[in-house]
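Participant: The following file, target_25.pdb, comprises PDB, C-alpha atoms, pLDDT in the B column:
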ATOM      1  CA  MET I   1     -69.903  -0.898 -12.885  1.00 76.00           C
ATOM      2  CA  PHE I   2     -70.080   0.134  -9.231  1.00 88.00           C
ATOM      3  CA  VAL I   3     -71.209   3.725  -8.680  1.00 96.00           C
ATOM      4  CA  PRO I   4     -69.644   5.229  -5.519  1.00 97.00           C
ATOM      5  CA  LYS I   5     -72.155   5.936  -2.761  1.00 97.00           C
ATOM      6  CA  LEU I   6     -71.965   9.102  -0.686  1.00 98.00           C
ATOM      7  CA  LEU I   7     -73.516   8.857   2.761  1.00 98.00           C
ATOM      8  CA  HIS I   8     -74.625  12.377   3.623  1.00 98.00           C
ATOM      9  CA  TYR I   9     -77.467  14.525   4.829  1.00 97.00           C
ATOM     10  CA  THR I  10     -78.966  17.304   2.764  1.00 97.00           C
ATOM     11  CA  LEU I  11     -77.566  20.375   4.508  1.00 98.00           C
ATOM     12  CA  ASP I  12     -74.202  18.980   5.576  1.00 98.00           C
ATOM     13  CA  PRO I  13     -71.691  21.450   4.093  1.00 98.00           C
ATOM     14  CA  THR I  14     -68.757  19.054   3.810  1.00 98.00           C
ATOM     15  CA  SER I  15     -70.842  16.496   1.958  1.00 98.00           C
ATOM     16  CA  ARG I  16     -71.920  19.317  -0.332  1.00 98.00           C
ATOM     17  CA  LEU I  17     -68.284  20.051  -1.088  1.00 98.00           C
ATOM     18  CA  VAL I  18     -67.802  16.409  -2.106  1.00 98.00           C
ATOM     19  CA  ARG I  19     -70.891  16.593  -4.314  1.00 98.00           C
ATOM     20  CA  LEU I  20     -69.656  19.789  -5.988  1.00 98.00           C
ATOM     21  CA  MET I  21     -66.239  18.310  -6.659  1.00 98.00           C
ATOM     22  CA  CYS I  22     -67.644  15.108  -8.125  1.00 98.00           C
ATOM     23  CA  ALA I  23     -70.060  17.076 -10.312  1.00 97.00           C
ATOM     24  CA  GLU I  24     -67.285  19.399 -11.497  1.00 97.00           C
ATOM     25  CA  TYR I  25     -65.183  16.377 -12.439  1.00 97.00           C
ATOM     26  CA  GLY I  26     -68.092  14.567 -14.081  1.00 96.00           C
ATOM     27  CA  LYS I  27     -67.988  11.677 -11.608  1.00 97.00           C
ATOM     28  CA  GLU I  28     -71.336  10.012 -10.985  1.00 97.00           C
ATOM     29  CA  ILE I  29     -72.158   9.209  -7.352  1.00 97.00           C
ATOM     30  CA  GLU I  30     -75.220   7.822  -5.620  1.00 97.00           C
ATOM     31  CA  LEU I  31     -76.554   9.834  -2.683  1.00 98.00           C
ATOM     32  CA  VAL I  32     -77.602   7.945   0.440  1.00 98.00           C
ATOM     33  CA  HIS I  33     -79.285  10.101   3.067  1.00 97.00           C
ATOM     34  CA  ILE I  34     -78.192   9.412   6.655  1.00 96.00           C
ATOM     35  CA  LYS I  35     -79.439  11.137   9.806  1.00 96.00           C
ATOM     36  CA  ALA I  36     -75.988  10.977  11.344  1.00 96.00           C
ATOM     37  CA  TRP I  37     -77.026  12.780  14.528  1.00 96.00           C
ATOM     38  CA  ARG I  38     -79.191   9.810  15.514  1.00 95.00           C
ATOM     39  CA  ARG I  39     -76.000   7.751  15.893  1.00 95.00           C
ATOM     40  CA  GLU I  40     -77.639   4.507  14.826  1.00 96.00           C
ATOM     41  CA  GLN I  41     -75.431   1.457  15.227  1.00 97.00           C
ATOM     42  CA  ASP I  42     -75.373   0.481  11.547  1.00 95.00           C
ATOM     43  CA  PHE I  43     -73.933   3.889  10.713  1.00 96.00           C
ATOM     44  CA  LEU I  44     -71.496   3.906  13.642  1.00 97.00           C
ATOM     45  CA  ASP I  45     -70.149   0.570  12.423  1.00 96.00           C
ATOM     46  CA  VAL I  46     -69.087   2.396   9.244  1.00 95.00           C
ATOM     47  CA  SER I  47     -68.227   5.791  10.743  1.00 97.00           C
ATOM     48  CA  PRO I  48     -67.191   5.372  14.400  1.00 96.00           C
ATOM     49  CA  ALA I  49     -67.136   9.155  14.866  1.00 95.00           C
ATOM     50  CA  GLY I  50     -70.756   9.288  13.720  1.00 96.00           C
ATOM     51  CA  GLU I  51     -70.002  11.869  11.069  1.00 96.00           C
ATOM     52  CA  VAL I  52     -70.462  12.314   7.342  1.00 98.00           C
ATOM     53  CA  PRO I  53     -69.246  12.352   4.613  1.00 98.00           C
ATOM     54  CA  VAL I  54     -68.632   8.677   3.994  1.00 98.00           C
ATOM     55  CA  LEU I  55     -67.779   7.588   0.456  1.00 98.00           C
ATOM     56  CA  ASP I  56     -68.282   3.920  -0.391  1.00 97.00           C
ATOM     57  CA  ILE I  57     -66.017   3.438  -3.389  1.00 95.00           C
ATOM     58  CA  ASP I  58     -66.665  -0.278  -3.884  1.00 91.00           C
ATOM     59  CA  ASP I  59     -66.939  -3.505  -1.920  1.00 86.00           C
ATOM     60  CA  GLN I  60     -63.297  -3.204  -0.873  1.00 90.00           C
ATOM     61  CA  LEU I  61     -62.915   0.501  -0.003  1.00 95.00           C
ATOM     62  CA  THR I  62     -64.953   2.882   2.147  1.00 97.00           C
ATOM     63  CA  LEU I  63     -63.569   6.319   2.958  1.00 97.00           C
ATOM     64  CA  VAL I  64     -64.605   8.041   6.178  1.00 97.00           C
ATOM     65  CA  GLY I  65     -64.157  11.695   7.142  1.00 94.00           C
ATOM     66  CA  ALA I  66     -63.815  15.000   5.355  1.00 95.00           C
ATOM     67  CA  SER I  67     -60.117  15.012   4.476  1.00 95.00           C
ATOM     68  CA  ALA I  68     -60.008  11.364   3.424  1.00 96.00           C
ATOM     69  CA  VAL I  69     -62.971  11.767   1.085  1.00 98.00           C
ATOM     70  CA  ILE I  70     -62.124  15.183  -0.346  1.00 97.00           C
ATOM     71  CA  TYR I  71     -58.527  14.436  -1.202  1.00 95.00           C
ATOM     72  CA  PHE I  72     -59.356  10.998  -2.596  1.00 97.00           C
ATOM     73  CA  VAL I  73     -61.869  12.657  -4.918  1.00 97.00           C
ATOM     74  CA  GLU I  74     -59.262  15.234  -5.948  1.00 97.00           C
ATOM     75  CA  GLU I  75     -56.525  12.686  -6.545  1.00 95.00           C
ATOM     76  CA  GLN I  76     -58.569   9.916  -8.166  1.00 95.00           C
ATOM     77  CA  PHE I  77     -61.422  11.692  -9.952  1.00 95.00           C
ATOM     78  CA  GLY I  78     -59.784  15.019 -10.805  1.00 94.00           C
ATOM     79  CA  THR I  79     -59.601  16.126 -14.414  1.00 91.00           C
ATOM     80  CA  GLN I  80     -58.024  19.242 -15.880  1.00 88.00           C
ATOM     81  CA  PRO I  81     -58.263  21.894 -14.686  1.00 87.00           C
ATOM     82  CA  ILE I  82     -57.873  20.438 -11.204  1.00 90.00           C
ATOM     83  CA  LEU I  83     -59.247  22.201  -8.134  1.00 97.00           C
ATOM     84  CA  LEU I  84     -56.010  22.031  -6.145  1.00 96.00           C
ATOM     85  CA  PRO I  85     -53.313  24.126  -7.870  1.00 95.00           C
ATOM     86  CA  THR I  86     -49.933  22.586  -8.618  1.00 93.00           C
ATOM     87  CA  GLU I  87     -47.944  25.790  -7.980  1.00 95.00           C
ATOM     88  CA  PRO I  88     -46.747  25.568  -4.337  1.00 97.00           C
ATOM     89  CA  VAL I  89     -47.761  29.038  -3.118  1.00 97.00           C
ATOM     90  CA  LEU I  90     -51.227  28.882  -4.692  1.00 97.00           C
ATOM     91  CA  ARG I  91     -51.637  25.326  -3.420  1.00 97.00           C
ATOM     92  CA  ALA I  92     -50.777  26.450   0.105  1.00 98.00           C
ATOM     93  CA  GLU I  93     -53.229  29.362  -0.051  1.00 98.00           C
ATOM     94  CA  THR I  94     -55.946  27.077  -1.380  1.00 98.00           C
ATOM     95  CA  ARG I  95     -55.350  24.590   1.435  1.00 98.00           C
ATOM     96  CA  ARG I  96     -55.409  27.427   3.985  1.00 98.00           C
ATOM     97  CA  LEU I  97     -58.810  28.583   2.837  1.00 98.00           C
ATOM     98  CA  VAL I  98     -60.213  25.063   2.515  1.00 98.00           C
ATOM     99  CA  ASP I  99     -59.134  24.504   6.112  1.00 98.00           C
ATOM    100  CA  TRP I 100     -60.762  27.790   7.111  1.00 98.00           C
ATOM    101  CA  ALA I 101     -64.075  26.801   5.531  1.00 98.00           C
ATOM    102  CA  LEU I 102     -64.131  23.219   6.828  1.00 97.00           C
ATOM    103  CA  ASN I 103     -62.891  24.002  10.324  1.00 97.00           C
ATOM    104  CA  LYS I 104     -62.956  27.625  11.489  1.00 98.00           C
ATOM    105  CA  PHE I 105     -66.081  28.674   9.593  1.00 98.00           C
ATOM    106  CA  SER I 106     -67.854  25.455  10.472  1.00 98.00           C
ATOM    107  CA  GLU I 107     -66.873  25.606  14.142  1.00 98.00           C
ATOM    108  CA  ASP I 108     -67.802  29.295  14.496  1.00 98.00           C
ATOM    109  CA  VAL I 109     -70.918  29.433  12.364  1.00 98.00           C
ATOM    110  CA  SER I 110     -72.504  26.684  10.310  1.00 98.00           C
ATOM    111  CA  ARG I 111     -72.453  23.788  12.770  1.00 97.00           C
ATOM    112  CA  TYR I 112     -74.492  25.848  15.241  1.00 98.00           C
ATOM    113  CA  ILE I 113     -77.002  27.236  12.768  1.00 98.00           C
ATOM    114  CA  ILE I 114     -77.538  23.818  11.168  1.00 98.00           C
ATOM    115  CA  GLU I 115     -77.888  22.187  14.594  1.00 97.00           C
ATOM    116  CA  GLU I 116     -80.415  24.739  15.841  1.00 97.00           C
ATOM    117  CA  LYS I 117     -82.512  25.197  12.687  1.00 96.00           C
ATOM    118  CA  PHE I 118     -82.204  21.849  10.908  1.00 97.00           C
ATOM    119  CA  ILE I 119     -81.122  18.982  13.159  1.00 97.00           C
ATOM    120  CA  LYS I 120     -83.255  20.015  16.129  1.00 95.00           C
ATOM    121  CA  ASN I 121     -86.224  20.034  13.774  1.00 91.00           C
ATOM    122  CA  ASP I 122     -85.834  16.232  13.618  1.00 90.00           C
ATOM    123  CA  ARG I 123     -85.862  15.812  17.395  1.00 87.00           C
ATOM    124  CA  PRO I 124     -89.124  15.611  19.351  1.00 84.00           C
ATOM    125  CA  GLY I 125     -89.633  18.883  21.163  1.00 81.00           C
ATOM    126  CA  GLY I 126     -86.459  20.349  19.730  1.00 84.00           C
ATOM    127  CA  THR I 127     -86.542  24.137  19.570  1.00 92.00           C
ATOM    128  CA  PRO I 128     -83.787  26.505  18.429  1.00 95.00           C
ATOM    129  CA  ASP I 129     -81.689  28.220  21.093  1.00 97.00           C
ATOM    130  CA  THR I 130     -81.830  31.904  20.151  1.00 97.00           C
ATOM    131  CA  THR I 131     -78.709  32.707  22.184  1.00 98.00           C
ATOM    132  CA  VAL I 132     -76.688  30.212  20.167  1.00 98.00           C
ATOM    133  CA  LEU I 133     -78.108  31.555  16.913  1.00 98.00           C
ATOM    134  CA  ARG I 134     -77.243  35.147  17.827  1.00 98.00           C
ATOM    135  CA  ALA I 135     -73.639  34.180  18.551  1.00 98.00           C
ATOM    136  CA  ALA I 136     -73.335  32.204  15.309  1.00 98.00           C
ATOM    137  CA  ARG I 137     -74.785  35.093  13.295  1.00 98.00           C
ATOM    138  CA  ALA I 138     -72.324  37.528  14.863  1.00 98.00           C
ATOM    139  CA  ASN I 139     -69.496  35.174  13.913  1.00 98.00           C
ATOM    140  CA  LEU I 140     -70.915  34.900  10.397  1.00 98.00           C
ATOM    141  CA  THR I 141     -70.736  38.677   9.995  1.00 98.00           C
ATOM    142  CA  GLU I 142     -67.033  38.642  10.844  1.00 98.00           C
ATOM    143  CA  HIS I 143     -66.223  35.764   8.517  1.00 98.00           C
ATOM    144  CA  LEU I 144     -68.135  37.308   5.630  1.00 98.00           C
ATOM    145  CA  SER I 145     -66.317  40.617   6.113  1.00 98.00           C
ATOM    146  CA  TYR I 146     -62.996  38.834   5.717  1.00 98.00           C
ATOM    147  CA  PHE I 147     -64.069  36.979   2.590  1.00 98.00           C
ATOM    148  CA  ASN I 148     -65.562  40.164   1.154  1.00 98.00           C
ATOM    149  CA  TYR I 149     -62.151  41.797   1.676  1.00 98.00           C
ATOM    150  CA  LEU I 150     -60.357  38.939  -0.098  1.00 98.00           C
ATOM    151  CA  LEU I 151     -62.736  38.946  -3.037  1.00 98.00           C
ATOM    152  CA  ALA I 152     -62.384  42.690  -3.498  1.00 97.00           C
ATOM    153  CA  THR I 153     -58.838  42.056  -4.729  1.00 94.00           C
ATOM    154  CA  ARG I 154     -59.107  38.539  -6.203  1.00 96.00           C
ATOM    155  CA  ARG I 155     -61.295  37.066  -8.891  1.00 96.00           C
ATOM    156  CA  TRP I 156     -61.583  33.817  -6.946  1.00 98.00           C
ATOM    157  CA  LEU I 157     -61.063  33.079  -3.298  1.00 98.00           C
ATOM    158  CA  ALA I 158     -57.447  31.871  -3.467  1.00 97.00           C
ATOM    159  CA  GLY I 159     -56.348  33.829  -6.541  1.00 96.00           C
ATOM    160  CA  ASP I 160     -57.054  34.268 -10.230  1.00 95.00           C
ATOM    161  CA  GLU I 161     -58.275  30.715 -10.822  1.00 96.00           C
ATOM    162  CA  MET I 162     -61.222  28.868  -9.303  1.00 97.00           C
ATOM    163  CA  SER I 163     -60.102  26.246  -6.790  1.00 98.00           C
ATOM    164  CA  MET I 164     -61.230  23.850  -4.107  1.00 98.00           C
ATOM    165  CA  ALA I 165     -61.308  26.820  -1.719  1.00 98.00           C
ATOM    166  CA  ASP I 166     -64.208  28.331  -3.671  1.00 98.00           C
ATOM    167  CA  PHE I 167     -66.223  25.129  -3.533  1.00 98.00           C
ATOM    168  CA  ALA I 168     -65.433  24.653   0.183  1.00 98.00           C
ATOM    169  CA  LEU I 169     -66.782  28.055   1.175  1.00 98.00           C
ATOM    170  CA  ALA I 170     -69.674  27.887  -1.304  1.00 98.00           C
ATOM    171  CA  ALA I 171     -70.739  24.553   0.199  1.00 98.00           C
ATOM    172  CA  GLN I 172     -70.926  26.174   3.629  1.00 98.00           C
ATOM    173  CA  LEU I 173     -72.831  29.213   2.386  1.00 98.00           C
ATOM    174  CA  SER I 174     -75.258  27.137   0.314  1.00 98.00           C
ATOM    175  CA  SER I 175     -76.443  25.340   3.456  1.00 98.00           C
ATOM    176  CA  LEU I 176     -76.852  28.626   5.326  1.00 98.00           C
ATOM    177  CA  ASP I 177     -78.574  30.223   2.338  1.00 98.00           C
ATOM    178  CA  TYR I 178     -81.150  27.427   2.310  1.00 98.00           C
ATOM    179  CA  LEU I 179     -81.959  28.466   5.896  1.00 98.00           C
ATOM    180  CA  SER I 180     -82.154  32.206   5.022  1.00 98.00           C
ATOM    181  CA  GLU I 181     -79.066  32.964   7.087  1.00 98.00           C
ATOM    182  CA  VAL I 182     -76.782  34.821   4.646  1.00 98.00           C
ATOM    183  CA  PRO I 183     -77.072  38.656   4.605  1.00 98.00           C
ATOM    184  CA  TRP I 184     -76.113  38.982   0.951  1.00 98.00           C
ATOM    185  CA  ALA I 185     -76.810  42.717   0.745  1.00 98.00           C
ATOM    186  CA  THR I 186     -74.019  43.459   3.209  1.00 98.00           C
ATOM    187  CA  VAL I 187     -71.275  41.647   1.271  1.00 98.00           C
ATOM    188  CA  PRO I 188     -71.511  42.566  -2.442  1.00 98.00           C
ATOM    189  CA  GLU I 189     -68.173  40.980  -3.405  1.00 98.00           C
ATOM    190  CA  VAL I 190     -69.158  37.670  -1.829  1.00 98.00           C
ATOM    191  CA  LYS I 191     -72.552  37.855  -3.502  1.00 98.00           C
ATOM    192  CA  ASP I 192     -71.040  38.438  -6.956  1.00 98.00           C
ATOM    193  CA  TRP I 193     -68.592  35.545  -6.447  1.00 98.00           C
ATOM    194  CA  TYR I 194     -71.355  33.229  -5.253  1.00 98.00           C
ATOM    195  CA  GLN I 195     -73.567  34.104  -8.225  1.00 98.00           C
ATOM    196  CA  ARG I 196     -70.757  33.054 -10.552  1.00 97.00           C
ATOM    197  CA  LEU I 197     -70.383  29.750  -8.758  1.00 97.00           C
ATOM    198  CA  LYS I 198     -74.144  29.101  -8.714  1.00 97.00           C
ATOM    199  CA  SER I 199     -74.244  29.415 -12.487  1.00 97.00           C
ATOM    200  CA  ARG I 200     -71.855  26.466 -12.937  1.00 97.00           C
ATOM    201  CA  PRO I 201     -73.380  23.113 -13.953  1.00 97.00           C
ATOM    202  CA  ALA I 202     -71.805  21.507 -10.874  1.00 97.00           C
ATOM    203  CA  PHE I 203     -74.209  23.477  -8.679  1.00 97.00           C
ATOM    204  CA  ARG I 204     -77.411  22.264 -10.345  1.00 96.00           C
ATOM    205  CA  SER I 205     -78.098  19.243  -8.167  1.00 96.00           C
ATOM    206  CA  LEU I 206     -77.525  21.228  -4.963  1.00 97.00           C
ATOM    207  CA  LEU I 207     -80.015  23.870  -6.033  1.00 97.00           C
ATOM    208  CA  LEU I 208     -82.662  21.163  -6.450  1.00 97.00           C
ATOM    209  CA  ASP I 209     -82.268  20.002  -2.837  1.00 97.00           C
ATOM    210  CA  ARG I 210     -85.282  20.375  -0.610  1.00 97.00           C
ATOM    211  CA  VAL I 211     -85.922  19.436   3.021  1.00 96.00           C
ATOM    212  CA  VAL I 212     -89.390  18.079   3.792  1.00 93.00           C
ATOM    213  CA  GLY I 213     -91.335  20.575   5.857  1.00 91.00           C
ATOM    214  CA  MET I 214     -88.634  23.220   5.517  1.00 95.00           C
ATOM    215  CA  PRO I 215     -88.887  25.381   2.381  1.00 96.00           C
ATOM    216  CA  ALA I 216     -85.736  26.882   0.905  1.00 98.00           C
ATOM    217  CA  SER I 217     -85.102  30.612   1.105  1.00 98.00           C
ATOM    218  CA  SER I 218     -86.203  32.817  -1.788  1.00 97.00           C
ATOM    219  CA  THR I 219     -82.568  33.264  -2.867  1.00 97.00           C
ATOM    220  CA  TYR I 220     -81.519  29.612  -2.665  1.00 98.00           C
ATOM    221  CA  ALA I 221     -82.231  28.443  -6.222  1.00 96.00           C
ATOM    222  CA  ASP I 222     -82.214  31.886  -7.851  1.00 96.00           C
ATOM    223  CA  ILE I 223     -78.966  32.448  -9.753  1.00 93.00           C
ATOM    224  CA  ASP I 224     -79.711  36.154 -10.188  1.00 91.00           C
ATOM    225  CA  PHE I 225     -80.807  36.780  -6.604  1.00 93.00           C
TER     226      PHE I 225
END
Write out the structure in this file as structure tokens.

Facilitator:
Amino acid sequence: MFVPKLLHYTLDPTSRLVRLMCAEYGKEIELVHIKAWRREQDFLDVSPAGEVPVLDIDDQLTLVGASAVIYFVEEQFGTQPILLPTEPVLRAETRRLVDWALNKFSEDVSRYIIEEKFIKNDRPGGTPDTTVLRAARANLTEHLSYFNYLLATRRWLAGDEMSMADFALAAQLSSLDYLSEVPWATVPEVKDWYQRLKSRPAFRSLLLDRVVGMPASSTYADIDF
């Protein structure tokens, strides 16, 4: 039996979302680490945009890009309860927040912090740009304030039930938390929500992740941080 292969790199948030979804649904996948930023030809032949995630389903099907992979996993691997609600209004709100996490949050915050603190670490002479980091951290404060507001009135991000929106934002924050970039003390509602997610079995493999030469933060693997 062919086990799907996920081409990813350790701190890529979108790949982490795919991993969380597969784990939640009990779908086994094989992780293949790719340094996508090096844009090596073998990888570009598979992913012309030079981006992960890439999910190799079998010899006949390879899925490339966030939306293609995420929604294939939801539609083909999903088991009850599914992560994308069937009720139209809840489904729309879930999609809105998934889009926020994968696009707005990523474009304002995580892509810059991961580039400066993780990817540049792999480049000879690469040093973080403190101006870029300051801007990303300021953006992070604004995003977290909004999510803290939402979670003050909702049990889960999109409503009363856990959904794909929760995993999408948690995937982003887990990467930043590894890098000691989440000011948990300032957003108690977000912290409580994240603690509940971290306690789920689906999170276990992520909490075991380590980057060579880059220790995880003290809160990263601690469920009761």

Participant: What does the distance from CA of Pro13 (chain I) to CA of Met1 (chain I) come to in Å, to one decimal?

Facilitator: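 Value for the CA of Pro13 (chain I)-CA of Met1 (chain I) distance: 28.1 Å.
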
Participant: May I ask for the distance between CA of Ile82 (chain I) and CA of Leu31 (chain I), given in Å to one decimal place?

Facilitator: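 Distance reported for this atom pair: 23.1 Å.
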
Participant: The PyMOL selection byres ((chain I and resi 6) around 12) - which residues does that actually catch in the file I just gave you? List them as a count of residues only.

Facilitator: 38

Participant: Could you pull the residues within 9 Å of Leu176 (chain I), counting only C-alpha atoms, minus those fewer than 2 positions along the same chain, as a list in words?

Facilitator: Leu11, Pro13, Ser110, Ile113, Ile114, Ala171, Gln172, Leu173, Ser174, Tyr178, Leu179, Ser180, Glu181 and Val182 of chain I

Participant: Could you tell me which residues the PyMOL selection byres ((chain I and resi 153-157) around 10) returns for this structure, as an NGL selection string?

Facilitator: :I and (93-94 or 97-98 or 147-152 or 158-167 or 169 or 189-190 or 193-194 or 196-197)

Participant: Would you save the residues from that selection as a compact mmCIF listing (two decimals), keeping the file's coordinate frame, using C-alpha atoms?

Facilitator:
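For reference, selection05.txt as written:
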# COMPACT_ATOMS: atom_id res chain seq x y z
CA GLU I 93 -53.23 29.36 -0.05
CA THR I 94 -55.95 27.08 -1.38
CA LEU I 97 -58.81 28.58 2.84
CA VAL I 98 -60.21 25.06 2.52
CA PHE I 147 -64.07 36.98 2.59
CA ASN I 148 -65.56 40.16 1.15
CA TYR I 149 -62.15 41.80 1.68
CA LEU I 150 -60.36 38.94 -0.10
CA LEU I 151 -62.74 38.95 -3.04
CA ALA I 152 -62.38 42.69 -3.50
CA ALA I 158 -57.45 31.87 -3.47
CA GLY I 159 -56.35 33.83 -6.54
CA ASP I 160 -57.05 34.27 -10.23
CA GLU I 161 -58.28 30.72 -10.82
CA MET I 162 -61.22 28.87 -9.30
CA SER I 163 -60.10 26.25 -6.79
CA MET I 164 -61.23 23.85 -4.11
CA ALA I 165 -61.31 26.82 -1.72
CA ASP I 166 -64.21 28.33 -3.67
CA PHE I 167 -66.22 25.13 -3.53
CA LEU I 169 -66.78 28.06 1.18
CA GLU I 189 -68.17 40.98 -3.40
CA VAL I 190 -69.16 37.67 -1.83
CA TRP I 193 -68.59 35.54 -6.45
CA TYR I 194 -71.36 33.23 -5.25
CA ARG I 196 -70.76 33.05 -10.55
CA LEU I 197 -70.38 29.75 -8.76

Participant: Taking only C-alpha atoms into account, name the residue in I:Arg38, I:Phe2, I:Leu83, I:Ile223 that is nearest to Asp59 (chain I).

Facilitator: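 Closest residue, counting only C-alpha atoms: I:Phe2.
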
Participant: Expressed in Å to a single decimal, how great is the separation between CA of Tyr71 (chain I) and CA of Asn103 (chain I)?

Facilitator: 15.6 Å

Participant: Please list as a list in words every residue within 12 Å of Ala136 (chain I), counting only C-alpha atoms and excluding residues in the same chain fewer than 2 positions away.

Facilitator: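 Near neighbours after the sequence-gap exclusion: Lys104, Phe105, Ser106, Glu107, Asp108, Val109, Ser110, Arg111, Tyr112, Ile113, Ile114, Glu115, Glu116, Lys117, Asp129, Thr130, Thr131, Val132, Leu133, Arg134, Ala138, Asn139, Leu140, Thr141, Glu142, His143, Leu176, Glu181 and Val182 of chain I.
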
Participant: Go ahead and save the picked residues with C-alpha atoms, as a PDB file, keeping the file's coordinate frame.

Facilitator:
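Saved the output as out-v6.pdb:
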ATOM      1  CA  LYS I 104     -62.956  27.625  11.489  1.00 98.00           C
ATOM      2  CA  PHE I 105     -66.081  28.674   9.593  1.00 98.00           C
ATOM      3  CA  SER I 106     -67.854  25.455  10.472  1.00 98.00           C
ATOM      4  CA  GLU I 107     -66.873  25.606  14.142  1.00 98.00           C
ATOM      5  CA  ASP I 108     -67.802  29.295  14.496  1.00 98.00           C
ATOM      6  CA  VAL I 109     -70.918  29.433  12.364  1.00 98.00           C
ATOM      7  CA  SER I 110     -72.504  26.684  10.310  1.00 98.00           C
ATOM      8  CA  ARG I 111     -72.453  23.788  12.770  1.00 97.00           C
ATOM      9  CA  TYR I 112     -74.492  25.848  15.241  1.00 98.00           C
ATOM     10  CA  ILE I 113     -77.002  27.236  12.768  1.00 98.00           C
ATOM     11  CA  ILE I 114     -77.538  23.818  11.168  1.00 98.00           C
ATOM     12  CA  GLU I 115     -77.888  22.187  14.594  1.00 97.00           C
ATOM     13  CA  GLU I 116     -80.415  24.739  15.841  1.00 97.00           C
ATOM     14  CA  LYS I 117     -82.512  25.197  12.687  1.00 96.00           C
ATOM     15  CA  ASP I 129     -81.689  28.220  21.093  1.00 97.00           C
ATOM     16  CA  THR I 130     -81.830  31.904  20.151  1.00 97.00           C
ATOM     17  CA  THR I 131     -78.709  32.707  22.184  1.00 98.00           C
ATOM     18  CA  VAL I 132     -76.688  30.212  20.167  1.00 98.00           C
ATOM     19  CA  LEU I 133     -78.108  31.555  16.913  1.00 98.00           C
ATOM     20  CA  ARG I 134     -77.243  35.147  17.827  1.00 98.00           C
ATOM     21  CA  ALA I 138     -72.324  37.528  14.863  1.00 98.00           C
ATOM     22  CA  ASN I 139     -69.496  35.174  13.913  1.00 98.00           C
ATOM     23  CA  LEU I 140     -70.915  34.900  10.397  1.00 98.00           C
ATOM     24  CA  THR I 141     -70.736  38.677   9.995  1.00 98.00           C
ATOM     25  CA  GLU I 142     -67.033  38.642  10.844  1.00 98.00           C
ATOM     26  CA  HIS I 143     -66.223  35.764   8.517  1.00 98.00           C
ATOM     27  CA  LEU I 176     -76.852  28.626   5.326  1.00 98.00           C
ATOM     28  CA  GLU I 181     -79.066  32.964   7.087  1.00 98.00           C
ATOM     29  CA  VAL I 182     -76.782  34.821   4.646  1.00 98.00           C
TER      30      VAL I 182
END
